[in-house]
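What follows is structure32.txt (compact mmCIF, C-alpha atoms).
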# COMPACT_ATOMS: atom_id res chain seq x y z
CA MET A 1 13.75 127.45 -95.67
CA SER A 2 14.48 124.44 -93.43
CA THR A 3 16.29 121.40 -94.70
CA VAL A 4 15.93 117.81 -93.49
CA ALA A 5 19.16 115.91 -93.00
CA ARG A 6 19.28 112.91 -95.26
CA ARG A 7 20.18 109.56 -93.75
CA PRO A 8 23.37 108.12 -95.29
CA PRO A 9 22.53 105.31 -97.71
CA LEU A 10 22.82 101.79 -96.33
CA ASP A 11 25.59 99.50 -97.47
CA ARG A 12 26.61 96.01 -96.37
CA ALA A 13 29.45 97.22 -94.16
CA GLY A 14 27.12 99.59 -92.32
CA VAL A 15 24.48 96.90 -91.87
CA VAL A 16 27.04 94.49 -90.42
CA SER A 17 28.45 97.16 -88.09
CA ALA A 18 24.96 97.95 -86.82
CA ALA A 19 24.21 94.26 -86.34
CA ILE A 20 27.38 93.78 -84.29
CA ALA A 21 26.49 96.78 -82.12
CA LEU A 22 22.99 95.39 -81.62
CA ALA A 23 24.31 91.93 -80.70
CA ASP A 24 26.84 93.47 -78.29
CA ALA A 25 24.06 95.38 -76.56
CA ARG A 26 21.18 92.89 -76.62
CA GLY A 27 22.59 89.48 -77.57
CA LEU A 28 22.48 87.34 -80.68
CA GLU A 29 18.86 86.25 -80.23
CA ALA A 30 17.72 89.86 -80.38
CA THR A 31 19.67 90.43 -83.58
CA THR A 32 16.93 89.66 -86.05
CA MET A 33 16.31 91.28 -89.41
CA ARG A 34 13.28 93.10 -88.01
CA GLY A 35 15.12 94.13 -84.85
CA LEU A 36 18.02 95.49 -86.89
CA ALA A 37 15.66 97.30 -89.24
CA ASP A 38 14.05 99.02 -86.25
CA VAL A 39 17.46 100.16 -85.02
CA LEU A 40 18.37 101.51 -88.44
CA GLN A 41 14.90 102.99 -88.88
CA VAL A 42 14.32 101.25 -92.18
CA THR A 43 12.00 98.54 -93.36
CA PRO A 44 13.24 94.92 -93.20
CA MET A 45 13.05 94.81 -96.99
CA ALA A 46 15.75 97.47 -97.15
CA LEU A 47 18.14 95.08 -95.39
CA TYR A 48 17.51 92.25 -97.81
CA LYS A 49 19.20 94.30 -100.52
CA HIS A 50 22.47 93.77 -98.63
CA VAL A 51 22.09 90.38 -96.90
CA ALA A 52 19.87 87.56 -98.11
CA HIS A 53 18.78 86.35 -94.65
CA ARG A 54 19.67 86.37 -90.96
CA GLU A 55 22.16 83.49 -91.24
CA GLN A 56 24.12 85.37 -93.88
CA LEU A 57 24.06 88.41 -91.61
CA ILE A 58 25.55 86.36 -88.76
CA ASP A 59 28.15 84.92 -91.16
CA GLU A 60 29.18 88.47 -92.03
CA MET A 61 29.31 89.43 -88.34
CA VAL A 62 31.57 86.47 -87.56
CA ASP A 63 33.85 87.31 -90.48
CA ARG A 64 34.18 90.90 -89.27
CA VAL A 65 35.15 89.82 -85.74
CA VAL A 66 37.47 87.00 -86.85
CA GLY A 67 39.08 89.32 -89.36
CA ASP A 68 40.11 91.57 -86.47
CA ILE A 69 42.22 88.71 -85.07
CA GLY A 70 44.57 88.77 -88.04
CA ASP A 71 44.86 92.54 -87.83
CA SER A 72 45.66 92.31 -84.12
CA ALA A 73 48.13 89.41 -84.28
CA PRO A 74 49.30 88.76 -87.84
CA LEU A 75 51.49 85.73 -88.46
CA THR A 76 53.95 86.11 -91.30
CA VAL A 77 55.78 82.98 -92.34
CA GLY A 78 58.55 83.22 -94.92
CA ALA A 79 59.46 80.64 -97.52
CA ASN A 80 62.03 79.12 -95.17
CA GLY A 81 59.76 79.25 -92.14
CA ALA A 82 59.29 81.80 -89.41
CA THR A 83 62.00 82.60 -86.93
CA GLY A 84 61.45 82.33 -83.19
CA ASP A 85 59.27 80.04 -81.13
CA TRP A 86 56.21 78.76 -83.01
CA ARG A 87 54.47 78.32 -79.67
CA ALA A 88 54.76 82.04 -78.94
CA ALA A 89 53.30 82.87 -82.35
CA VAL A 90 50.34 80.50 -81.95
CA ARG A 91 49.82 81.51 -78.33
CA GLY A 92 49.85 85.20 -79.20
CA ARG A 93 47.29 84.81 -81.97
CA ILE A 94 44.96 82.67 -79.87
CA LEU A 95 45.14 85.06 -76.90
CA ALA A 96 44.44 87.91 -79.32
CA ALA A 97 41.37 85.99 -80.46
CA ARG A 98 40.29 85.60 -76.85
CA GLY A 99 40.68 89.32 -76.23
CA ILE A 100 38.65 90.22 -79.31
CA LEU A 101 35.86 87.69 -78.74
CA SER A 102 35.56 88.73 -75.09
CA ARG A 103 34.32 92.10 -76.38
CA HIS A 104 31.57 90.31 -78.30
CA PRO A 105 29.97 87.70 -75.98
CA TRP A 106 27.61 86.58 -78.75
CA ALA A 107 30.49 85.53 -81.01
CA GLN A 108 31.11 82.20 -79.29
CA ASN A 109 27.59 80.95 -80.00
CA ALA A 110 27.71 82.39 -83.51
CA ILE A 111 30.97 80.61 -84.34
CA GLU A 112 29.80 77.30 -82.91
CA THR A 113 26.58 77.36 -84.94
CA ARG A 114 28.14 78.15 -88.33
CA THR A 115 27.79 75.27 -90.80
CA THR A 116 30.42 76.42 -93.30
CA ALA A 117 33.87 77.87 -92.78
CA SER A 118 34.26 81.15 -94.64
CA SER A 119 37.50 82.33 -96.24
CA VAL A 120 38.12 84.55 -93.21
CA VAL A 121 37.68 81.64 -90.80
CA LEU A 122 39.89 79.42 -92.93
CA ALA A 123 42.58 82.12 -93.04
CA HIS A 124 42.76 82.15 -89.22
CA MET A 125 43.10 78.37 -89.11
CA ASP A 126 45.65 78.45 -91.91
CA ALA A 127 47.78 81.01 -90.05
CA LEU A 128 47.90 78.80 -86.95
CA MET A 129 48.88 75.77 -89.01
CA ALA A 130 51.49 77.77 -90.94
CA ALA A 131 53.18 78.74 -87.68
CA MET A 132 53.23 75.09 -86.58
CA PHE A 133 54.72 73.99 -89.89
CA ALA A 134 57.30 76.77 -89.61
CA GLY A 135 58.28 75.30 -86.25
CA GLY A 136 59.02 72.00 -87.96
CA LEU A 137 55.93 70.10 -86.87
CA SER A 138 54.80 67.33 -89.20
CA ALA A 139 51.45 67.38 -90.96
CA ASP A 140 50.44 64.48 -88.73
CA LEU A 141 51.19 66.46 -85.57
CA VAL A 142 49.61 69.65 -86.91
CA HIS A 143 46.44 67.69 -87.69
CA HIS A 144 46.23 66.26 -84.18
CA GLY A 145 47.24 69.59 -82.67
CA MET A 146 44.35 71.42 -84.30
CA HIS A 147 41.95 68.79 -83.00
CA ALA A 148 43.42 69.20 -79.52
CA LEU A 149 43.07 72.99 -79.68
CA SER A 150 39.46 72.68 -80.88
CA THR A 151 37.53 75.81 -79.88
CA ARG A 152 40.60 77.14 -78.06
CA MET A 153 41.81 78.37 -81.45
CA TRP A 154 39.06 80.99 -81.11
CA GLY A 155 40.01 81.87 -77.55
CA PHE A 156 37.22 80.08 -75.72
CA THR A 157 36.39 76.68 -74.36
CA ARG A 158 33.56 75.02 -72.49
CA ASP A 159 33.75 75.08 -68.69
CA VAL A 160 33.49 71.94 -66.61
CA MET A 161 30.22 71.16 -64.84
CA PRO A 162 29.68 73.63 -61.98
CA THR A 163 29.73 72.45 -58.38
CA PRO A 164 26.49 72.73 -56.34
CA THR A 165 25.71 76.05 -54.67
CA ALA A 166 25.75 75.93 -50.87
CA PRO A 167 22.58 77.02 -49.00
CA ASP A 168 22.46 80.56 -47.60
CA ASP A 169 21.35 79.44 -44.15
CA PRO A 170 24.50 78.96 -42.01
CA GLU A 171 23.35 75.73 -40.35
CA GLU A 172 22.12 74.19 -43.60
CA ARG A 173 25.33 75.35 -45.27
CA ALA A 174 27.50 73.63 -42.65
CA VAL A 175 25.56 70.37 -43.00
CA ALA A 176 25.73 70.51 -46.77
CA LEU A 177 29.47 71.22 -46.78
CA ASP A 178 30.17 68.35 -44.37
CA ALA A 179 28.19 66.01 -46.60
CA PHE A 180 30.00 67.29 -49.70
CA VAL A 181 33.45 66.83 -48.16
CA SER A 182 32.56 63.33 -47.06
CA ALA A 183 31.20 62.32 -50.47
CA TYR A 184 33.82 64.07 -52.63
CA PRO A 185 37.08 64.37 -50.68
CA ALA A 186 39.30 65.02 -53.71
CA ILE A 187 37.16 67.93 -54.90
CA ALA A 188 37.08 69.32 -51.36
CA ARG A 189 40.86 69.03 -51.05
CA MET A 190 41.38 70.92 -54.29
CA MET A 191 38.86 73.61 -53.34
CA THR A 192 40.27 74.20 -49.86
CA THR A 193 44.04 73.81 -50.28
CA SER A 194 44.86 75.28 -53.70
CA PRO A 195 46.59 78.70 -53.66
CA HIS A 196 43.38 80.53 -54.63
CA ALA A 197 41.11 78.55 -52.27
CA GLY A 198 37.91 80.45 -51.57
CA ALA A 199 38.45 82.85 -54.48
CA ALA A 200 36.94 82.83 -57.93
CA CYS A 201 39.05 81.34 -60.71
CA ASP A 202 40.82 83.69 -63.09
CA ASP A 203 39.33 82.53 -66.38
CA ASP A 204 42.07 84.13 -68.48
CA GLU A 205 44.80 82.52 -66.39
CA GLU A 206 43.12 79.11 -66.56
CA PHE A 207 42.72 79.42 -70.31
CA ALA A 208 46.39 80.34 -70.81
CA PHE A 209 47.49 77.47 -68.54
CA ALA A 210 45.56 74.89 -70.57
CA LEU A 211 46.77 76.43 -73.84
CA ASP A 212 50.40 76.24 -72.70
CA LEU A 213 49.97 72.60 -71.70
CA LEU A 214 48.75 71.78 -75.19
CA LEU A 215 51.43 73.72 -77.02
CA ASP A 216 54.24 72.39 -74.81
CA GLY A 217 52.91 68.88 -75.30
CA LEU A 218 52.94 69.28 -79.08
CA GLN A 219 56.50 70.56 -78.97
CA ARG A 220 57.59 67.60 -76.83
CA ARG A 221 55.94 65.15 -79.23
CA HIS A 222 57.68 66.92 -82.11
CA GLU A 223 61.07 66.60 -80.41
CA GLU A 224 60.39 62.89 -79.81
CA GLY A 225 59.61 62.34 -83.49
CA TRP A 226 56.07 61.22 -82.69
CA SER A 227 53.69 60.04 -85.41
CA SER A 228 50.20 58.58 -85.22
CA SER A 229 51.37 55.42 -86.97
CA SER A 230 53.81 54.69 -84.16
Structure rendered as structure tokens:
Amino acid sequence: MSTVARRPPLDRAGVVSAAIALADARGLEATTMRGLADVLQVTPMALYKHVAHREQLIDEMVDRVVGDIGDSAPLTVGANGATGDWRAAVRGRILAARGILSRHPWAQNAIETRTTASSVVLAHMDALMAAMFAGGLSADLVHHGMHALSTRMWGFTRDVMPTPTAPDDPEERAVALDAFVSAYPAIARMMTTSPHAGAACDDDEEFAFALDLLLDGLQRRHEEGWSSSS
């Protein structure tokens, strides 16, 4: 007598895991309730027992990914403040966030389109602020520092406007480059004389450079006793 293997019953954790896998493979736009139901080989109505709608599903996906940041780079701050360099603690957590989100390209758009900060999201922000406070930064400076970090707290940022693409034809390319150099000499100087001239930028290195500038600047303002009222 043959037996048919029974599919494990669905639960919210399994639905969210499947949704993350689907978004990783096909993108956030393809992660619809119907698309997820097809992957799980259930009816869409079966999913609504676990998540009320697609936006709640995406909220749960974001929480799962953001929750991994704390597991990867926990910040523990004692009653008398953390020991060590607060910049290293904040830097480590943000770079951990960048590493985690880089494995889920859809997460940036999902985070930017959320309308409410969940407890998991707030916990990440709170951990960053706690490390700053432990370093002696004032509430005023922490407030401005979080604004300065902006989306960098999640490990991503928006790139600058891209430069025009040169034509493939060699003669047209030469003419276009001459015109570009003549019109925009500062851009041309940067592009042709920087150490990595002619090579693609290292996005991780550029991100870390900008992050360090911000954190070092906050520390310098702290040492100067800066306040917004002054």
Residues at most 10 Å from Pro44 in chain A, counting only C-alpha atoms, excluding those fewer than 3 positions away in the same chain, as a list in words?
->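 Listing them by chain and then by number gives Thr32, Met33, Arg34, Gly35, Leu36, Ala37, Asp38, Leu40, Gln41, Leu47, Tyr48 and Lys49 of chain A.
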Please dump the current selection as a PDB file, in the coordinates of the input; keep C-alpha atoms.
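result.pdb, freshly written:
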ATOM      1  CA  THR A  32      16.930  89.660 -86.050  1.00  0.00           C
ATOM      2  CA  MET A  33      16.310  91.280 -89.410  1.00  0.00           C
ATOM      3  CA  ARG A  34      13.280  93.100 -88.010  1.00  0.00           C
ATOM      4  CA  GLY A  35      15.120  94.130 -84.850  1.00  0.00           C
ATOM      5  CA  LEU A  36      18.020  95.490 -86.890  1.00  0.00           C
ATOM      6  CA  ALA A  37      15.660  97.300 -89.240  1.00  0.00           C
ATOM      7  CA  ASP A  38      14.050  99.020 -86.250  1.00  0.00           C
ATOM      8  CA  LEU A  40      18.370 101.510 -88.440  1.00  0.00           C
ATOM      9  CA  GLN A  41      14.900 102.990 -88.880  1.00  0.00           C
ATOM     10  CA  LEU A  47      18.140  95.080 -95.390  1.00  0.00           C
ATOM     11  CA  TYR A  48      17.510  92.250 -97.810  1.00  0.00           C
ATOM     12  CA  LYS A  49      19.200  94.300-100.520  1.00  0.00           C
TER      13      LYS A  49
END
What does the structure give for the distance between CA of Leu215 in chain A and CA of Asp126 in chain A, in Å to one decimal?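 We find that CA of Leu215 in chain A and CA of Asp126 in chain A lie 16.7 Å from each other.
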| message | Between A:Gly27, A:Gly136, A:Gly155, A:Pro167, which residue has the minimum interatomic distance to Ile100 in chain A, considering only C-alpha atoms? | response |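 Checking each candidate against Ile100 in chain A, we get A:Gly155 as the closest.
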For Met146 in chain A, please output as a PDB file with C-alpha atoms, in the frame of the given file all residues within 12 Å (counting only C-alpha atoms; exclusion window: fewer than 2 positions along the same chain).
ATOM      1  CA  VAL A  90      50.340  80.500 -81.950  1.00  0.00           C
ATOM      2  CA  HIS A 124      42.760  82.150 -89.220  1.00  0.00           C
ATOM      3  CA  MET A 125      43.100  78.370 -89.110  1.00  0.00           C
ATOM      4  CA  ASP A 126      45.650  78.450 -91.910  1.00  0.00           C
ATOM      5  CA  ALA A 127      47.780  81.010 -90.050  1.00  0.00           C
ATOM      6  CA  LEU A 128      47.900  78.800 -86.950  1.00  0.00           C
ATOM      7  CA  MET A 129      48.880  75.770 -89.010  1.00  0.00           C
ATOM      8  CA  ALA A 130      51.490  77.770 -90.940  1.00  0.00           C
ATOM      9  CA  ALA A 131      53.180  78.740 -87.680  1.00  0.00           C
ATOM     10  CA  MET A 132      53.230  75.090 -86.580  1.00  0.00           C
ATOM     11  CA  LEU A 137      55.930  70.100 -86.870  1.00  0.00           C
ATOM     12  CA  ALA A 139      51.450  67.380 -90.960  1.00  0.00           C
ATOM     13  CA  ASP A 140      50.440  64.480 -88.730  1.00  0.00           C
ATOM     14  CA  LEU A 141      51.190  66.460 -85.570  1.00  0.00           C
ATOM     15  CA  VAL A 142      49.610  69.650 -86.910  1.00  0.00           C
ATOM     16  CA  HIS A 143      46.440  67.690 -87.690  1.00  0.00           C
ATOM     17  CA  HIS A 144      46.230  66.260 -84.180  1.00  0.00           C
ATOM     18  CA  ALA A 148      43.420  69.200 -79.520  1.00  0.00           C
ATOM     19  CA  LEU A 149      43.070  72.990 -79.680  1.00  0.00           C
ATOM     20  CA  SER A 150      39.460  72.680 -80.880  1.00  0.00           C
ATOM     21  CA  THR A 151      37.530  75.810 -79.880  1.00  0.00           C
ATOM     22  CA  ARG A 152      40.600  77.140 -78.060  1.00  0.00           C
ATOM     23  CA  MET A 153      41.810  78.370 -81.450  1.00  0.00           C
ATOM     24  CA  TRP A 154      39.060  80.990 -81.110  1.00  0.00           C
ATOM     25  CA  LEU A 211      46.770  76.430 -73.840  1.00  0.00           C
ATOM     26  CA  LEU A 214      48.750  71.780 -75.190  1.00  0.00           C
ATOM     27  CA  LEU A 215      51.430  73.720 -77.020  1.00  0.00           C
ATOM     28  CA  LEU A 218      52.940  69.280 -79.080  1.00  0.00           C
TER      29      LEU A 218
END
Counting only C-alpha atoms, the residue among A:Pro170, A:Thr157, A:Leu28, A:Arg54 that lies closest to Ala110 in chain A is A:Leu28
| message | My list of candidates is A:Gly14, A:Gly225, A:Ala21, A:Ile111. Which is closest to Glu55 in chain A when distances are computed with all atoms listed in the file? | response |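 Ranking A:Gly14, A:Gly225, A:Ala21, A:Ile111 by distance to Glu55 in chain A, first place goes to A:Ile111.
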Excluding same-chain residues fewer than 2 positions from Ser17 in chain A, what lies within 12 Å of it counting only C-alpha atoms, as a list in words?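 The residues satisfying every condition are Leu10, Asp11, Arg12, Ala13, Gly14, Val15, Ala19, Ile20, Ala21, Leu22, Ala23, Asp24, Thr31, Leu36, Val39, Leu40, Leu57, Ile58, Glu60, Met61, Val62, Asp63, Arg64 and Val65 of chain A.
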Just to be explicit: take each residue in the selection above, keep C-alpha atoms, and write the result as a compact mmCIF listing (two decimals), keeping the file's coordinate frame.
# COMPACT_ATOMS: atom_id res chain seq x y z
CA LEU A 10 22.82 101.79 -96.33
CA ASP A 11 25.59 99.50 -97.47
CA ARG A 12 26.61 96.01 -96.37
CA ALA A 13 29.45 97.22 -94.16
CA GLY A 14 27.12 99.59 -92.32
CA VAL A 15 24.48 96.90 -91.87
CA ALA A 19 24.21 94.26 -86.34
CA ILE A 20 27.38 93.78 -84.29
CA ALA A 21 26.49 96.78 -82.12
CA LEU A 22 22.99 95.39 -81.62
CA ALA A 23 24.31 91.93 -80.70
CA ASP A 24 26.84 93.47 -78.29
CA THR A 31 19.67 90.43 -83.58
CA LEU A 36 18.02 95.49 -86.89
CA VAL A 39 17.46 100.16 -85.02
CA LEU A 40 18.37 101.51 -88.44
CA LEU A 57 24.06 88.41 -91.61
CA ILE A 58 25.55 86.36 -88.76
CA GLU A 60 29.18 88.47 -92.03
CA MET A 61 29.31 89.43 -88.34
CA VAL A 62 31.57 86.47 -87.56
CA ASP A 63 33.85 87.31 -90.48
CA ARG A 64 34.18 90.90 -89.27
CA VAL A 65 35.15 89.82 -85.74
12 Å contact set for Asp203 in chain A, all atoms listed in the file, chain neighbours under 2 positions out, as a list in words |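 Using all atoms listed in the file, the neighbours found are Arg98, Ser102, Gly155, Phe156, Thr157, Arg158, Asp159, Ala199, Ala200, Cys201, Glu205, Glu206, Phe207, Ala208, Phe209 and Ala210 of chain A.
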Check: How many Å separate CA of Ala117 in chain A from CA of Asp59 in chain A?
Finding: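 Distance between the two atoms: 9.2 Å.
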Separating CA of Gln108 in chain A from CA of Ala123 in chain A, to the nearest tenth of an Å, is a gap of 17.9 Å
Of A:Thr192, A:Ser119, A:His104, A:Thr43, the one sitting nearest Arg26 in chain A when using all atoms listed in the file is A:His104
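Each of A:Val66, A:Ala166, A:Ala96, A:Met45 was checked against Ser118 in chain A using all atoms listed in the file; the smallest atom-to-atom distance is that of A:Val66.
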Report task. Compare A:Asp71, A:Trp86, A:Ala30, A:Asp202 by their minimum atom-to-atom distance to Gly135 in chain A, counting all atoms listed in the file, and give me the closest one. Result ->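 For Gly135 in chain A, the nearest of the candidates is A:Trp86.
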For range 31-48 of chain A, take all atoms listed in the file, fit an axis-aligned box around them, add 4 Å to each of the six sides, then output centre and edge lengths in Å rounded to one decimal, as JSON.
{"center_x": 15.8, "center_y": 96.3, "center_z": -90.7, "size_x": 15.7, "size_y": 21.3, "size_z": 22.2}
Please fill the gaps in range 37-50 of chain A so it has N, CA, C and O atoms, and write that as a PDB file, keeping the file's coordinate frame.
ATOM      1  N   ALA A  37      16.343  96.283 -88.443  1.00  0.00           N
ATOM      2  CA  ALA A  37      15.660  97.300 -89.240  1.00  0.00           C
ATOM      3  C   ALA A  37      15.106  98.408 -88.348  1.00  0.00           C
ATOM      4  O   ALA A  37      15.183  99.589 -88.691  1.00  0.00           O
ATOM      5  N   ASP A  38      14.569  98.016 -87.189  1.00  0.00           N
ATOM      6  CA  ASP A  38      14.050  99.020 -86.250  1.00  0.00           C
ATOM      7  C   ASP A  38      15.166  99.938 -85.773  1.00  0.00           C
ATOM      8  O   ASP A  38      14.986 101.152 -85.660  1.00  0.00           O
ATOM      9  N   VAL A  39      16.333  99.357 -85.476  1.00  0.00           N
ATOM     10  CA  VAL A  39      17.460 100.160 -85.020  1.00  0.00           C
ATOM     11  C   VAL A  39      17.909 101.139 -86.091  1.00  0.00           C
ATOM     12  O   VAL A  39      18.213 102.304 -85.817  1.00  0.00           O
ATOM     13  N   LEU A  40      17.932 100.669 -87.326  1.00  0.00           N
ATOM     14  CA  LEU A  40      18.370 101.510 -88.440  1.00  0.00           C
ATOM     15  C   LEU A  40      17.268 102.402 -88.989  1.00  0.00           C
ATOM     16  O   LEU A  40      17.509 103.220 -89.883  1.00  0.00           O
ATOM     17  N   GLN A  41      16.064 102.201 -88.452  1.00  0.00           N
ATOM     18  CA  GLN A  41      14.900 102.990 -88.880  1.00  0.00           C
ATOM     19  C   GLN A  41      14.635 102.843 -90.380  1.00  0.00           C
ATOM     20  O   GLN A  41      14.426 103.826 -91.100  1.00  0.00           O
ATOM     21  N   VAL A  42      14.657 101.580 -90.793  1.00  0.00           N
ATOM     22  CA  VAL A  42      14.320 101.250 -92.180  1.00  0.00           C
ATOM     23  C   VAL A  42      13.355 100.075 -92.146  1.00  0.00           C
ATOM     24  O   VAL A  42      13.091  99.491 -91.096  1.00  0.00           O
ATOM     25  N   THR A  43      12.847  99.727 -93.290  1.00  0.00           N
ATOM     26  CA  THR A  43      12.000  98.540 -93.360  1.00  0.00           C
ATOM     27  C   THR A  43      12.894  97.305 -93.500  1.00  0.00           C
ATOM     28  O   THR A  43      14.018  97.392 -94.022  1.00  0.00           O
ATOM     29  N   PRO A  44      12.436  96.142 -93.030  1.00  0.00           N
ATOM     30  CA  PRO A  44      13.240  94.920 -93.200  1.00  0.00           C
ATOM     31  C   PRO A  44      13.622  94.666 -94.649  1.00  0.00           C
ATOM     32  O   PRO A  44      14.717  94.169 -94.933  1.00  0.00           O
ATOM     33  N   MET A  45      12.752  95.029 -95.573  1.00  0.00           N
ATOM     34  CA  MET A  45      13.050  94.810 -96.990  1.00  0.00           C
ATOM     35  C   MET A  45      14.296  95.571 -97.429  1.00  0.00           C
ATOM     36  O   MET A  45      15.026  95.131 -98.326  1.00  0.00           O
ATOM     37  N   ALA A  46      14.562  96.694 -96.782  1.00  0.00           N
ATOM     38  CA  ALA A  46      15.750  97.470 -97.150  1.00  0.00           C
ATOM     39  C   ALA A  46      17.025  96.701 -96.812  1.00  0.00           C
ATOM     40  O   ALA A  46      18.046  96.849 -97.491  1.00  0.00           O
ATOM     41  N   LEU A  47      16.970  95.861 -95.778  1.00  0.00           N
ATOM     42  CA  LEU A  47      18.140  95.080 -95.390  1.00  0.00           C
ATOM     43  C   LEU A  47      18.406  93.941 -96.363  1.00  0.00           C
ATOM     44  O   LEU A  47      19.561  93.568 -96.590  1.00  0.00           O
ATOM     45  N   TYR A  48      17.350  93.399 -96.926  1.00  0.00           N
ATOM     46  CA  TYR A  48      17.510  92.250 -97.810  1.00  0.00           C
ATOM     47  C   TYR A  48      18.212  92.611 -99.122  1.00  0.00           C
ATOM     48  O   TYR A  48      18.601  91.732 -99.880  1.00  0.00           O
ATOM     49  N   LYS A  49      18.408  93.893 -99.350  1.00  0.00           N
ATOM     50  CA  LYS A  49      19.200  94.300-100.520  1.00  0.00           C
ATOM     51  C   LYS A  49      20.689  94.055-100.278  1.00  0.00           C
ATOM     52  O   LYS A  49      21.479  94.044-101.221  1.00  0.00           O
ATOM     53  N   HIS A  50      21.053  93.890 -98.992  1.00  0.00           N
ATOM     54  CA  HIS A  50      22.470  93.770 -98.630  1.00  0.00           C
ATOM     55  C   HIS A  50      22.824  92.395 -98.078  1.00  0.00           C
ATOM     56  O   HIS A  50      23.950  91.929 -98.262  1.00  0.00           O
TER      57      HIS A  50
END
